[in-house]
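> To start, I am sharing the structure in question, which I have written as structure tokens.
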Amino acid sequence: MFKIVKKHRLNHESVEMDIEAPFIAHKAKPGQFIIFRVDEEGERVPLTVAGTDPEKGTVKIIFQQVGASTLALGDKEEGDFIQDFVGPLGQPSELEQFKGKKIAVVGGGLGAAIAYPIAKAAHALGADVDMIAGFRNKDIIILEDAMRASSNRLFVTTDDGSNGVKGFVSDILEQQIKAGTHYDHVIAIGPIIMMKVCVDVTRKHNIPTTVSMCTLMVDGTGMCGCCRLTVGGETKFACVDGPDFDGFKVDFDEAMSRGRMYREQETQARERHICNLTGEAR
């Protein structure tokens with residue numbers, strides 16, 4: 001069992017938690033992830049590590065309450081326990097290559113929570129970091145101050161223009177490139193369609209681009225094959241070969257199609273979720 005040491009609601013749908021997991025806290029690196037189960041009946045859900053505190057032995061996760069498992073996790077409070085918290089899994093991001101380089105780290109929606117530790121670590125290594133973070137509206141913006149402190153420049157976009165620049169992260173990325181900003185590398189993290197559009201932009205300008213593929217997962221060891229992707233014409237597994245991949249080689253259309261396979265079952269599971277606090281269906 002793993003204890004929830006700290007809980008902070010970032011907005012009406014996103015939650016930040018610190019989980020007591022000292023072994024993971026001492027080993028996890030930016031880009032890696034964990035898999036949790038709320039209870040013995042729960043499904044296995046992957047979440048990228050948003051930060052660690054080795055001295056306290058805690059691992060920070062940030063998640064959006066959209067499915068049955070994340071709704072159940074969000075119902076938990078400080079001092080409560082969850083059944084499983086396994087990691088670190090996946091390959092850490094290769095950040096040493098960015099020393100002295102000009103890079104753009106792009107995060108869409110909750111992907112900003114994954115992009116933030118990458119930007120922070122690269123910035124600490126001496127990279128010149130532009131961070132571009134996009135959200136649907138001002139009410140769901142997260143980590144704005146933290147992202148600003150971990151980059152040389154921060155650009156915030158909202159779909160409806162309620163905060164920052166109206167538009168999408170890919171718009172800002174292309175505007176900066178056309179304005180003469182020379183990026184040595186771009187890292188894009190977020191919804192698959194967002195990463196695909198960012199890669200469409202960088203491919204035109206031949207800028208190497210890394211994407212983080214958060215696919216469907218079960219065991220996190222490559223045994224089940226659930227997280228398979230086609231990368232450069234070869235089958236790869238996001239849980240052991242990734243989650244970072246060369247964006248120019250990823251078959252995004254296939255990944256999006258696979259991601260929609262269980263949409264109906266996910267909706268049914270979410271509708272059956274009962275809130276522990278109110279006793280009402282969530």
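All residue names refer to the structure tokens as shown: chains lettered A, B, ... in order, residues numbered from 1 in each chain, ligands numbered from 1 in order.
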Need the shell around range 114-118 of chain A: protein/DNA/RNA residues with any atom at most 7 Å away, counting only C-alpha atoms. Skip same-chain ones fewer than 4 positions apart. Format as a ChimeraX atom specification?
/A:30-31,48,50-51,105-107,122,147,189
> Could you pull the residues within 9 Å of range 130-138 of chain A, counting only C-alpha atoms, minus those fewer than 3 positions along the same chain, as an MDAnalysis selection string?
chainID A and resid 102:112 115:116 119 141:142 144 147:148 150:164 167:170 172:173
> For those residues, write N, CA, C and O atoms to a file as a compact mmCIF listing (two decimals), in the first residue's frame.

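Output file result.txt follows:
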# COMPACT_ATOMS: atom_id res chain seq x y z
N LYS A 102 19.29 25.42 -28.14
CA LYS A 102 18.02 26.15 -28.10
C LYS A 102 16.91 25.16 -28.39
O LYS A 102 16.88 24.54 -29.47
N ILE A 103 16.02 24.97 -27.43
CA ILE A 103 14.96 23.98 -27.62
C ILE A 103 13.60 24.59 -27.30
O ILE A 103 13.50 25.58 -26.58
N ALA A 104 12.57 23.98 -27.86
CA ALA A 104 11.19 24.33 -27.53
C ALA A 104 10.55 23.10 -26.90
O ALA A 104 10.63 22.01 -27.45
N VAL A 105 9.95 23.29 -25.74
CA VAL A 105 9.21 22.23 -25.07
C VAL A 105 7.73 22.60 -25.13
O VAL A 105 7.32 23.63 -24.60
N VAL A 106 6.95 21.77 -25.79
CA VAL A 106 5.55 22.08 -26.07
C VAL A 106 4.65 21.12 -25.29
O VAL A 106 4.79 19.90 -25.40
N GLY A 107 3.74 21.68 -24.50
CA GLY A 107 2.81 20.86 -23.73
C GLY A 107 1.39 21.26 -23.99
O GLY A 107 1.04 22.44 -23.92
N GLY A 108 0.55 20.28 -24.30
CA GLY A 108 -0.86 20.55 -24.55
C GLY A 108 -1.74 19.99 -23.45
O GLY A 108 -1.67 18.79 -23.16
N GLY A 109 -2.55 20.83 -22.81
CA GLY A 109 -3.43 20.38 -21.75
C GLY A 109 -2.65 19.78 -20.59
O GLY A 109 -1.67 20.36 -20.12
N LEU A 110 -3.07 18.60 -20.16
CA LEU A 110 -2.36 17.94 -19.06
C LEU A 110 -0.95 17.55 -19.47
O LEU A 110 -0.11 17.27 -18.62
N GLY A 111 -0.67 17.54 -20.77
CA GLY A 111 0.69 17.28 -21.24
C GLY A 111 1.68 18.31 -20.73
O GLY A 111 2.88 18.04 -20.67
N ALA A 112 1.17 19.47 -20.31
CA ALA A 112 2.06 20.48 -19.73
C ALA A 112 2.68 19.98 -18.44
O ALA A 112 3.81 20.33 -18.09
N ALA A 115 5.47 17.88 -19.67
CA ALA A 115 6.50 18.69 -20.32
C ALA A 115 7.29 19.51 -19.31
O ALA A 115 8.49 19.76 -19.51
N TYR A 116 6.63 19.95 -18.25
CA TYR A 116 7.28 20.83 -17.27
C TYR A 116 8.57 20.24 -16.68
O TYR A 116 9.60 20.92 -16.68
N ALA A 119 11.32 20.41 -19.29
CA ALA A 119 11.82 21.77 -19.46
C ALA A 119 12.70 22.18 -18.28
O ALA A 119 13.76 22.79 -18.46
N ILE A 141 -5.79 26.14 -16.77
CA ILE A 141 -4.34 26.36 -16.83
C ILE A 141 -3.69 25.87 -15.55
O ILE A 141 -4.18 26.14 -14.45
N ILE A 142 -2.60 25.14 -15.68
CA ILE A 142 -1.87 24.62 -14.52
C ILE A 142 -0.39 24.97 -14.62
O ILE A 142 0.15 25.16 -15.71
N GLU A 144 1.54 27.45 -14.27
CA GLU A 144 2.04 28.58 -15.04
C GLU A 144 3.29 29.19 -14.42
O GLU A 144 4.29 29.44 -15.12
N MET A 147 6.28 26.75 -14.73
CA MET A 147 6.80 26.68 -16.10
C MET A 147 7.60 27.92 -16.45
O MET A 147 8.64 27.84 -17.12
N ARG A 148 7.13 29.08 -16.00
CA ARG A 148 7.85 30.33 -16.29
C ARG A 148 9.24 30.32 -15.62
O ARG A 148 10.21 30.79 -16.19
N SER A 150 11.05 27.81 -15.10
CA SER A 150 11.90 26.75 -15.64
C SER A 150 12.15 26.90 -17.13
O SER A 150 12.51 25.94 -17.81
N SER A 151 11.98 28.11 -17.65
CA SER A 151 12.22 28.35 -19.07
C SER A 151 12.73 29.76 -19.27
O SER A 151 12.59 30.62 -18.40
N ASN A 152 13.32 30.00 -20.42
CA ASN A 152 13.75 31.35 -20.76
C ASN A 152 12.58 32.21 -21.22
O ASN A 152 12.52 33.41 -20.95
N ARG A 153 11.65 31.56 -21.93
CA ARG A 153 10.44 32.24 -22.37
C ARG A 153 9.27 31.27 -22.25
O ARG A 153 9.40 30.09 -22.60
N LEU A 154 8.14 31.78 -21.76
CA LEU A 154 6.93 30.97 -21.67
C LEU A 154 5.84 31.59 -22.52
O LEU A 154 5.56 32.79 -22.41
N PHE A 155 5.23 30.77 -23.37
CA PHE A 155 4.08 31.19 -24.17
C PHE A 155 2.89 30.35 -23.74
O PHE A 155 2.97 29.12 -23.71
N VAL A 156 1.79 31.01 -23.39
CA VAL A 156 0.57 30.31 -23.00
C VAL A 156 -0.50 30.60 -24.03
O VAL A 156 -0.72 31.75 -24.41
N THR A 157 -1.18 29.54 -24.49
CA THR A 157 -2.27 29.71 -25.44
C THR A 157 -3.54 29.11 -24.86
O THR A 157 -3.50 28.18 -24.06
N THR A 158 -4.67 29.65 -25.28
CA THR A 158 -5.97 29.06 -24.96
C THR A 158 -6.79 29.00 -26.24
O THR A 158 -6.71 29.88 -27.09
N ASP A 159 -7.57 27.93 -26.35
CA ASP A 159 -8.39 27.76 -27.55
C ASP A 159 -9.35 28.93 -27.74
O ASP A 159 -9.62 29.34 -28.88
N ASP A 160 -9.89 29.44 -26.62
CA ASP A 160 -10.91 30.49 -26.72
C ASP A 160 -10.37 31.90 -26.50
O ASP A 160 -11.14 32.87 -26.51
N GLY A 161 -9.07 32.03 -26.26
CA GLY A 161 -8.48 33.34 -26.07
C GLY A 161 -8.74 33.95 -24.71
O GLY A 161 -8.50 35.15 -24.50
N SER A 162 -9.20 33.16 -23.74
CA SER A 162 -9.52 33.69 -22.42
C SER A 162 -8.27 33.99 -21.59
O SER A 162 -8.35 34.67 -20.56
N ASN A 163 -7.12 33.51 -22.04
CA ASN A 163 -5.85 33.85 -21.37
C ASN A 163 -4.72 33.64 -22.38
O ASN A 163 -4.79 32.75 -23.22
N GLY A 164 -3.71 34.48 -22.28
CA GLY A 164 -2.58 34.32 -23.20
C GLY A 164 -3.00 34.59 -24.64
O GLY A 164 -3.83 35.46 -24.92
N GLY A 167 -5.45 30.53 -29.72
CA GLY A 167 -4.95 29.63 -30.75
C GLY A 167 -4.39 28.36 -30.15
O GLY A 167 -4.69 28.00 -29.01
N PHE A 168 -3.53 27.69 -30.93
CA PHE A 168 -2.98 26.41 -30.52
C PHE A 168 -1.46 26.50 -30.38
O PHE A 168 -0.83 27.41 -30.91
N VAL A 169 -0.90 25.54 -29.66
CA VAL A 169 0.55 25.53 -29.43
C VAL A 169 1.32 25.46 -30.75
O VAL A 169 2.39 26.06 -30.90
N SER A 170 0.76 24.74 -31.70
CA SER A 170 1.43 24.61 -33.00
C SER A 170 1.50 25.95 -33.72
O SER A 170 2.44 26.21 -34.49
N ILE A 172 1.91 28.94 -32.25
CA ILE A 172 3.03 29.68 -31.65
C ILE A 172 4.35 29.11 -32.12
O ILE A 172 5.29 29.84 -32.45
N LEU A 173 4.43 27.78 -32.18
CA LEU A 173 5.66 27.13 -32.63
C LEU A 173 6.03 27.59 -34.03
O LEU A 173 7.17 27.98 -34.30
> Pick out the closest residue to Glu254 in chain A from this set: A:Cys224, A:Val211, A:Ala127, A:Ile193. Count only C-alpha atoms.
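Of A:Cys224, A:Val211, A:Ala127, A:Ile193, the one nearest Glu254 in chain A, counting only C-alpha atoms, is A:Ile193.
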> Looking only at the backbone, which of the residues in range 196-257 of chain A does DSSP tag as strand (DSSP E), as number ranges by chain?
A: 209-212, 228-231, 234-237, 244-246
> Those residues with N, CA and C atoms, as a tab-separated table (two decimals), in the first residue's frame please?

chain	number	residue	atom	x	y	z
A	209	THR	N	12.46	16.32	-33.69
A	209	THR	CA	11.34	16.44	-32.75
A	209	THR	C	11.12	15.14	-32.00
A	210	THR	N	11.03	15.26	-30.70
A	210	THR	CA	10.73	14.12	-29.84
A	210	THR	C	9.30	14.24	-29.34
A	211	VAL	N	8.57	13.11	-29.36
A	211	VAL	CA	7.21	13.08	-28.83
A	211	VAL	C	7.13	12.02	-27.74
A	212	SER	N	6.21	12.22	-26.80
A	212	SER	CA	6.02	11.27	-25.70
A	212	SER	C	4.69	10.56	-25.93
A	228	ARG	N	1.66	-1.18	-28.16
A	228	ARG	CA	2.49	-1.21	-29.37
A	228	ARG	C	2.18	-0.03	-30.30
A	229	LEU	N	3.24	0.40	-30.96
A	229	LEU	CA	3.19	1.50	-31.92
A	229	LEU	C	3.97	1.09	-33.15
A	230	THR	N	3.72	1.78	-34.25
A	230	THR	CA	4.57	1.62	-35.42
A	230	THR	C	5.46	2.85	-35.52
A	231	VAL	N	6.76	2.62	-35.42
A	231	VAL	CA	7.74	3.71	-35.44
A	231	VAL	C	8.80	3.37	-36.49
A	234	GLU	N	8.55	-0.13	-37.89
A	234	GLU	CA	8.77	-1.24	-36.97
A	234	GLU	C	7.83	-1.15	-35.78
A	235	THR	N	7.51	-2.30	-35.20
A	235	THR	CA	6.68	-2.32	-34.00
A	235	THR	C	7.54	-2.01	-32.78
A	236	LYS	N	7.09	-1.02	-32.02
A	236	LYS	CA	7.76	-0.65	-30.77
A	236	LYS	C	6.73	-0.68	-29.65
A	237	PHE	N	7.23	-0.76	-28.42
A	237	PHE	CA	6.35	-0.78	-27.26
A	237	PHE	C	6.65	0.46	-26.41
A	244	ASP	N	9.43	8.13	-25.10
A	244	ASP	CA	9.92	9.12	-26.07
A	244	ASP	C	10.29	8.45	-27.38
A	245	PHE	N	9.85	9.06	-28.49
A	245	PHE	CA	10.18	8.55	-29.82
A	245	PHE	C	10.45	9.71	-30.78
A	246	ASP	N	11.14	9.40	-31.86
A	246	ASP	CA	11.36	10.35	-32.94
A	246	ASP	C	10.01	10.64	-33.61
> Among range 10-234 of chain A, which ones does DSSP place in alpha helix (DSSP H), written as a ChimeraX atom specification?
/A:22-27,68-75,111-124,144-149,169-178,192-204
